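Student: Can you keep this structure in mind? I'll have questions shortly.
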There are 2 protein chains.
Amino acid sequence: MKQSITIVDIAKEAGVSISTVSRVLTGSAKVNPEKAAKINAIIKKYDFHPNVLARGLIQTKTSTIGILTADIRNPYYSTLFLSCEQAAEEQGYNLMLCNSFSDRLREFVLIDKLTHQKVDAIILIGGATDDAVTDQEYAEKIRTITKNIPVLIIGHMDGLPCPVINIDYKKEIELIKNFIAEHNSFKKIAFAGGSTKVRQARTLREYYRKMLEELNLEYIPELDIPNDRYDEEGGYIVMDHMLSESEKPDLVIAANDIFASGAMKAIREHNLRIPEDISILSFDDTYISNLMEPPLTTIGYNFWHFGQTIISTAIKMIEKEEVPEETLITPKLIIRRSCKEQ
Amino acid sequence: MKQSITIVDIAKEAGVSISTVSRVLTGSAKVNPEKAAKINAIIKKYDFHPNVLARGLIQTKTSTIGILTADIRNPYYSTLFLSCEQAAEEQGYNLMLCNSFSDRLREFVLIDKLTHQKVDAIILIGGATDDAVTDQEYAEKIRTITKNIPVLIIGHMDGLPCPVINIDYKKEIELIKNFIAEHNSFKKIAFAGGSTKVRQARTLREYYRKMLEELNLEYIPELDIPNDRYDEEGGYIVMDHMLSESEKPDLVIAANDIFASGAMKAIREHNLRIPEDISILSFDDTYISNLMEPPLTTIGYNFWHFGQTIISTAIKMIEKEEVPEETLITPKLIIRRSCKEQ
DNA sequence: TTGAAAGCGCTAACAG
DNA sequence: CTGTTAGCGCTTTCAA
């Protein structure tokens, strides 16, 4: 295995000291243009890149950011990760991805792992940051970490000195409200799924009830069914139960795209048509929503912008710049064919 | 920001030299059990972890493996990544994920990036390793890299001194063949999608024709339509075209799960039922296949084992152990409801 | 067994 | 503007 060349080699070949080479590498001080040119030529010739370990060791900086997601198979996370990757790359940062499966113990282990890897910042997406009520032990852990490494939370955690980026839930329900207002046919609005343990679901539910009130629509408890599962099976169970036990809703607001897919299956099994008999609307606008038949009308985000915001905030934190305590991501309504027109 | 404690601190507190501490850290030499115990206690007390950068610098080893996938949103890759992550963790390795979007130029850049990050090995999944005919410039690039860092290829590349892990395509078609043999009703078998530029698709097609011959079934060129796209849209286009232009097939073998979802949409738009009028079968068995209605019968893999194999092979390469030139992953048929019974 | 000392490759004062 | 020097935190000879 060829021993890679070092700053010493290139200093020797250029006939200068290693500090001079280091200076052109970092741009930390002025260097005689001619020498600089010569050095750059040699650097190019050998395709030399300074050893990141040596550099990291001395600067206590690795230019890598750790990202902890719940499950990268979930298109919401993978899409977000991808845009973060893009943004990080543009700014000269690497990402190190870890998946917790929302297991608190695993989150602990992975956060430690990222810490030991000397990442410059940690971004927490999903898992404990989705909890309606913050686990105090977890918060304490994060508090300790924060003393050494900036932590950025996507979601929410109570009483932590970490900046937060979150989706504007209020706006989401507002979009839905306007949509309903434009459709006289929606009278019985169901809210299917969303865990009572998850903050986002709680908040959404709260706004949902307020919305019904504002629209002068009846709140029917049987049409408001939380569920801890966010998968297809969860959607099926909730919807099947709702259609068996209650009056048929006109419009179902489903916890997310995958959940909606299960709900749609149940609707069909009850011999109801989508959207003729029941309209359905969901959250996230992942590519899944286009795979469905009919394609889902859903609340989505500009993932590209979302990722940019996350990474630029994290980098600002690394560079000890001021960042807003909370940044809200604006949702938008994407209309497809799962809701009856007017 | 609290300065993290170092080996010097703990040596001081234990009243020994740093070499002794290093020895208990690495287990590289015998240490007086009493001293060792004392040192370990102090390590534990401070939750000390040796600086990975310093260690990496001296050992030229980072314990991180780079993984280059085409697009982590694709459930095939994300599922595989997850099992790799698990396997790597068990063996004390970290993963660094990069996505190329199958863009050759981007692959180059990312491979370089991983190289500069001093990863111990690079795993290539998708992108150029899927090409039917190997890009020579790309191969040359990999050849250069291999001199410094072990490269493991998931897929295929011609004339490279890298070990390969691949799915057993022959076995896949064999599974399908047996399935068809058990169903008298399948006479007209279509092969929808799969790019002519992709080796896997070429190989599969080749076996598909052989299979028809062996089953004494007619090969109908109009039912054999390659397509470069592997997404939903591609499936829709191919299937719509097939149903418009040719006789109706009994069974459609679709390029993958997502492609199948598009194909199903087209089938429905032609007022045909699945599986009563047309059966459909696909590849990969990602969670997508359970989201469809009806759920897809599909050829899947034991992703868990797949990931284990990838990581353990990579680690063997890092440790300069012998590894097989080619490892085949055995597929299995998962029967759901998208194919007519008997 | 153990400690002293020499680096790994690089950056950052500090003089000049 | 440039070279010398002292580390970053750790592993690993080399003697003792």
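Every chain in the structure tokens takes a letter, A first, then B, and so on in the order presented; its residues are numbered from 1, and the ligands are numbered from 1 following the presented order.
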Any idea which chain C residues end up within 12 Å of chain A if we count only C-alpha atoms (C1' of nucleotides), as a ChimeraX atom specification please?
Tutor: /C:8-13
Student: Tell me, which residues of segment 90-178 of chain B carry DSSP strand (DSSP E), written as a list in words?
Tutor: Asn94, Leu95, Met96, Leu97, Cys98, Asn99, Ala121, Ile122, Ile123, Leu124, Ile125, Val151, Leu152, Ile153, Ile154, Val164, Ile165, Asn166 and Ile167 of chain B
Student: Should the cut-off be 7 Å, what would the residue list for chain A against chain B look like, counting only C-alpha atoms, as number ranges by chain?
Tutor: A: 1-2, 49, 52-54, 56-57, 72-73, 75, 78-79, 96-97, 116-117, 147-148, 232, 261, 291
Student: Name all residues at most 12 Å from DG16 of chain C (count only C-alpha atoms (C1' of nucleotides); drop same-chain ones fewer than 5 positions away) and give them as a list of chain:residue names.
Tutor: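 After dropping sequence-adjacent residues, the list is D:DC1, D:DT2, D:DG3, D:DT4.
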Student: Write the residues of the preceding selection, restricted to C-alpha atoms (C1' of nucleotides), as a tab-separated table (two decimals), in the first residue's frame.
Tutor:
chain	number	residue	atom	x	y	z
D	1	DC	C1'	6.29	37.24	4.32
D	2	DT	C1'	8.80	32.93	6.20
D	3	DG	C1'	11.05	29.33	9.05
D	4	DT	C1'	11.44	27.24	13.67
Student: Chain D residues within 7 Å of chain B, counting only C-alpha atoms (C1' of nucleotides): which ones, as a PDB file with C-alpha atoms (C1' of nucleotides), in the first residue's frame?
Tutor:
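Resulting contents of result-v1.pdb:
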ATOM      1  C1'  DG D   9      -3.737  12.918  22.055  1.00  0.00           C
ATOM      2  C1'  DC D  10      -2.382   8.793  21.286  1.00  0.00           C
ATOM      3  C1'  DT D  11       0.531   4.334  20.143  1.00  0.00           C
TER       4       DT D  11
END
Student: Excluding Ala139 of chain B and any residue of its chain fewer than 4 positions from it, enumerate the residues within 12 Å of it, using only C-alpha atoms (C1' of nucleotides), and give them as a ChimeraX atom specification.
Tutor: /B:104,107-108,128-129,131,133-135,143-146,151,153,156-162
Student: Give me a file of those residues, with C-alpha atoms, as a tab-separated table (two decimals), in the first residue's frame.
Tutor:
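As a result, out23.tsv now contains:
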chain	number	residue	atom	x	y	z
B	104	ARG	CA	-20.86	9.20	-12.45
B	107	GLU	CA	-19.65	9.18	-7.65
B	108	PHE	CA	-16.12	10.28	-8.43
B	128	ALA	CA	-21.82	2.42	-11.80
B	129	THR	CA	-21.80	-1.03	-10.22
B	131	ASP	CA	-23.91	-0.87	-15.34
B	133	VAL	CA	-21.00	-2.44	-19.51
B	134	THR	CA	-18.37	-1.11	-17.22
B	135	ASP	CA	-17.28	2.47	-17.73
B	143	ARG	CA	-8.33	0.58	-9.60
B	144	THR	CA	-6.33	3.53	-8.32
B	145	ILE	CA	-8.34	3.77	-5.14
B	146	THR	CA	-7.98	0.08	-4.47
B	151	VAL	CA	-13.24	-1.45	-2.29
B	153	ILE	CA	-18.60	-3.92	-4.96
B	156	HIS	CA	-20.63	-5.89	-10.75
B	157	MET	CA	-17.67	-4.29	-12.49
B	158	ASP	CA	-15.57	-5.87	-15.18
B	159	GLY	CA	-11.91	-6.59	-14.73
B	160	LEU	CA	-11.43	-5.08	-11.32
B	161	PRO	CA	-9.45	-6.72	-8.55
B	162	CYS	CA	-12.30	-6.12	-6.11
Student: Within 10 Å of DG3 of chain C, counting only C-alpha atoms (C1' of nucleotides), which residues qualify if same-chain residues fewer than 6 places away don't, as an NGL selection string?
Tutor: (:B and (16-20)) or (:D and (15-16))
Student: Those selected residues, please, written with N, CA and C atoms (P, O5', C5', C4', C3', O3' and C1' of nucleotides) and delivered as an mmCIF file, in the first residue's frame.
Tutor:
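again23.cif written:
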data_model
loop_
_atom_site.group_PDB
_atom_site.id
_atom_site.type_symbol
_atom_site.label_atom_id
_atom_site.label_comp_id
_atom_site.auth_asym_id
_atom_site.auth_seq_id
_atom_site.Cartn_x
_atom_site.Cartn_y
_atom_site.Cartn_z
ATOM 1 N N VAL B 16 0.615 6.422 37.094
ATOM 2 C CA VAL B 16 1.411 5.592 36.171
ATOM 3 C C VAL B 16 1.771 6.433 34.954
ATOM 4 N N SER B 17 2.498 5.854 34.035
ATOM 5 C CA SER B 17 2.838 6.589 32.819
ATOM 6 C C SER B 17 1.720 6.431 31.786
ATOM 7 N N ILE B 18 1.734 7.328 30.820
ATOM 8 C CA ILE B 18 0.672 7.257 29.819
ATOM 9 C C ILE B 18 0.760 5.962 29.014
ATOM 10 N N SER B 19 1.956 5.420 28.873
ATOM 11 C CA SER B 19 2.076 4.175 28.103
ATOM 12 C C SER B 19 1.295 3.059 28.784
ATOM 13 N N THR B 20 1.340 3.056 30.090
ATOM 14 C CA THR B 20 0.619 2.010 30.809
ATOM 15 C C THR B 20 -0.886 2.153 30.569
ATOM 16 P P DA D 15 17.725 0.175 22.089
ATOM 17 O "O5'" DA D 15 18.133 0.414 23.596
ATOM 18 C "C5'" DA D 15 17.238 -0.014 24.575
ATOM 19 C "C4'" DA D 15 17.231 0.957 25.725
ATOM 20 C "C3'" DA D 15 17.996 0.402 26.917
ATOM 21 O "O3'" DA D 15 18.460 1.455 27.740
ATOM 22 C "C1'" DA D 15 15.630 0.291 27.298
ATOM 23 P P DA D 16 19.487 1.040 28.919
ATOM 24 O "O5'" DA D 16 18.518 0.773 30.155
ATOM 25 C "C5'" DA D 16 17.791 1.878 30.692
ATOM 26 C "C4'" DA D 16 16.765 1.362 31.669
ATOM 27 C "C3'" DA D 16 17.344 0.514 32.798
ATOM 28 O "O3'" DA D 16 16.858 1.026 34.026
ATOM 29 C "C1'" DA D 16 15.483 -0.562 31.844
#
Student: What lies within 8 Å of His270 of chain B using only C-alpha atoms (C1' of nucleotides), ignoring chain neighbours under 3 positions off, as a list of chain:residue names?
Tutor: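 Listed by chain and then number, they are B:Asp240, B:Leu243, B:Ala266, B:Ile267.
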Student: From a DSSP calculation on the backbone, collect every residue of segment 78-256 of chain B in alpha helix (DSSP H) and output the set as a VMD selection string.
Tutor: chain B and resid 78 to 90 104 to 116 136 to 146 169 to 181 199 to 214 232 to 245
Student: Store the residues picked out above in a file with C-alpha atoms, as a PDB file, in the first residue's frame.
Tutor:
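Generated file (again_37.pdb):
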ATOM      1  CA  SER B  78     -32.284   2.157   2.933  1.00  0.00           C
ATOM      2  CA  THR B  79     -33.152  -1.309   4.123  1.00  0.00           C
ATOM      3  CA  LEU B  80     -29.756  -2.559   3.116  1.00  0.00           C
ATOM      4  CA  PHE B  81     -28.051   0.394   4.735  1.00  0.00           C
ATOM      5  CA  LEU B  82     -29.882  -0.245   7.975  1.00  0.00           C
ATOM      6  CA  SER B  83     -28.727  -3.828   8.179  1.00  0.00           C
ATOM      7  CA  CYS B  84     -25.198  -2.729   7.317  1.00  0.00           C
ATOM      8  CA  GLU B  85     -25.364  -0.156  10.080  1.00  0.00           C
ATOM      9  CA  GLN B  86     -26.417  -2.800  12.542  1.00  0.00           C
ATOM     10  CA  ALA B  87     -23.677  -5.184  11.458  1.00  0.00           C
ATOM     11  CA  ALA B  88     -21.035  -2.473  11.505  1.00  0.00           C
ATOM     12  CA  GLU B  89     -22.013  -1.403  14.970  1.00  0.00           C
ATOM     13  CA  GLU B  90     -21.668  -4.921  16.264  1.00  0.00           C
ATOM     14  CA  ARG B 104     -20.864   9.203 -12.452  1.00  0.00           C
ATOM     15  CA  LEU B 105     -19.273  12.540 -11.779  1.00  0.00           C
ATOM     16  CA  ARG B 106     -20.832  12.691  -8.362  1.00  0.00           C
ATOM     17  CA  GLU B 107     -19.652   9.181  -7.652  1.00  0.00           C
ATOM     18  CA  PHE B 108     -16.123  10.279  -8.430  1.00  0.00           C
ATOM     19  CA  VAL B 109     -16.371  13.235  -6.135  1.00  0.00           C
ATOM     20  CA  LEU B 110     -17.860  11.200  -3.317  1.00  0.00           C
ATOM     21  CA  ILE B 111     -15.325   8.412  -3.608  1.00  0.00           C
ATOM     22  CA  ASP B 112     -12.628  11.036  -3.328  1.00  0.00           C
ATOM     23  CA  LYS B 113     -14.377  12.558  -0.379  1.00  0.00           C
ATOM     24  CA  LEU B 114     -14.522   9.221   1.397  1.00  0.00           C
ATOM     25  CA  THR B 115     -10.878   8.647   0.584  1.00  0.00           C
ATOM     26  CA  HIS B 116      -9.899  11.940   2.124  1.00  0.00           C
ATOM     27  CA  GLN B 136     -13.541   2.176 -18.279  1.00  0.00           C
ATOM     28  CA  GLU B 137     -12.699   5.545 -16.834  1.00  0.00           C
ATOM     29  CA  TYR B 138     -14.629   4.619 -13.751  1.00  0.00           C
ATOM     30  CA  ALA B 139     -12.938   1.257 -13.479  1.00  0.00           C
ATOM     31  CA  GLU B 140      -9.597   2.959 -13.741  1.00  0.00           C
ATOM     32  CA  LYS B 141     -10.533   5.265 -10.929  1.00  0.00           C
ATOM     33  CA  ILE B 142     -11.519   2.380  -8.709  1.00  0.00           C
ATOM     34  CA  ARG B 143      -8.328   0.576  -9.600  1.00  0.00           C
ATOM     35  CA  THR B 144      -6.327   3.528  -8.323  1.00  0.00           C
ATOM     36  CA  ILE B 145      -8.340   3.768  -5.141  1.00  0.00           C
ATOM     37  CA  THR B 146      -7.982   0.082  -4.474  1.00  0.00           C
ATOM     38  CA  TYR B 169     -30.233 -13.734 -10.492  1.00  0.00           C
ATOM     39  CA  LYS B 170     -30.313 -17.206 -11.910  1.00  0.00           C
ATOM     40  CA  LYS B 171     -31.960 -18.409  -8.767  1.00  0.00           C
ATOM     41  CA  GLU B 172     -34.503 -15.602  -8.980  1.00  0.00           C
ATOM     42  CA  ILE B 173     -35.717 -16.734 -12.350  1.00  0.00           C
ATOM     43  CA  GLU B 174     -35.681 -20.292 -11.136  1.00  0.00           C
ATOM     44  CA  LEU B 175     -38.049 -19.329  -8.336  1.00  0.00           C
ATOM     45  CA  ILE B 176     -40.316 -17.649 -10.832  1.00  0.00           C
ATOM     46  CA  LYS B 177     -40.135 -20.634 -13.114  1.00  0.00           C
ATOM     47  CA  ASN B 178     -41.225 -22.995 -10.376  1.00  0.00           C
ATOM     48  CA  PHE B 179     -43.990 -20.637  -9.431  1.00  0.00           C
ATOM     49  CA  ILE B 180     -45.254 -20.533 -12.996  1.00  0.00           C
ATOM     50  CA  ALA B 181     -44.950 -24.281 -13.337  1.00  0.00           C
ATOM     51  CA  ARG B 199     -26.504  -5.643 -15.932  1.00  0.00           C
ATOM     52  CA  GLN B 200     -29.025  -7.175 -13.591  1.00  0.00           C
ATOM     53  CA  ALA B 201     -31.845  -6.479 -16.025  1.00  0.00           C
ATOM     54  CA  ARG B 202     -29.876  -7.903 -18.924  1.00  0.00           C
ATOM     55  CA  THR B 203     -29.064 -11.059 -17.052  1.00  0.00           C
ATOM     56  CA  LEU B 204     -32.593 -11.461 -15.818  1.00  0.00           C
ATOM     57  CA  ARG B 205     -33.946 -11.042 -19.343  1.00  0.00           C
ATOM     58  CA  GLU B 206     -31.587 -13.605 -20.675  1.00  0.00           C
ATOM     59  CA  TYR B 207     -32.720 -16.122 -18.050  1.00  0.00           C
ATOM     60  CA  TYR B 208     -36.328 -15.126 -18.646  1.00  0.00           C
ATOM     61  CA  ARG B 209     -36.154 -16.173 -22.284  1.00  0.00           C
ATOM     62  CA  LYS B 210     -34.452 -19.395 -21.330  1.00  0.00           C
ATOM     63  CA  MET B 211     -37.156 -20.010 -18.776  1.00  0.00           C
ATOM     64  CA  LEU B 212     -39.945 -19.559 -21.311  1.00  0.00           C
ATOM     65  CA  GLU B 213     -38.268 -22.049 -23.549  1.00  0.00           C
ATOM     66  CA  GLU B 214     -37.930 -24.581 -20.791  1.00  0.00           C
ATOM     67  CA  GLU B 232     -43.595   4.482 -10.724  1.00  0.00           C
ATOM     68  CA  GLU B 233     -43.876   6.573 -13.858  1.00  0.00           C
ATOM     69  CA  GLY B 234     -41.738   4.079 -15.755  1.00  0.00           C
ATOM     70  CA  GLY B 235     -44.003   1.233 -14.720  1.00  0.00           C
ATOM     71  CA  TYR B 236     -47.045   3.153 -15.797  1.00  0.00           C
ATOM     72  CA  ILE B 237     -45.628   4.008 -19.201  1.00  0.00           C
ATOM     73  CA  VAL B 238     -44.431   0.514 -19.992  1.00  0.00           C
ATOM     74  CA  MET B 239     -47.606  -1.188 -18.855  1.00  0.00           C
ATOM     75  CA  ASP B 240     -49.897   1.291 -20.523  1.00  0.00           C
ATOM     76  CA  HIS B 241     -48.015   0.816 -23.742  1.00  0.00           C
ATOM     77  CA  MET B 242     -48.066  -2.932 -23.464  1.00  0.00           C
ATOM     78  CA  LEU B 243     -51.799  -3.105 -22.838  1.00  0.00           C
ATOM     79  CA  SER B 244     -52.510  -0.711 -25.672  1.00  0.00           C
ATOM     80  CA  GLU B 245     -50.346  -2.391 -28.266  1.00  0.00           C
TER      81      GLU B 245
END
Student: One decimal, in Å: what's the spacing between atom CA of Asp228 of chain A and atom CA of Ser338 of chain A?
Tutor: 23.8 Å
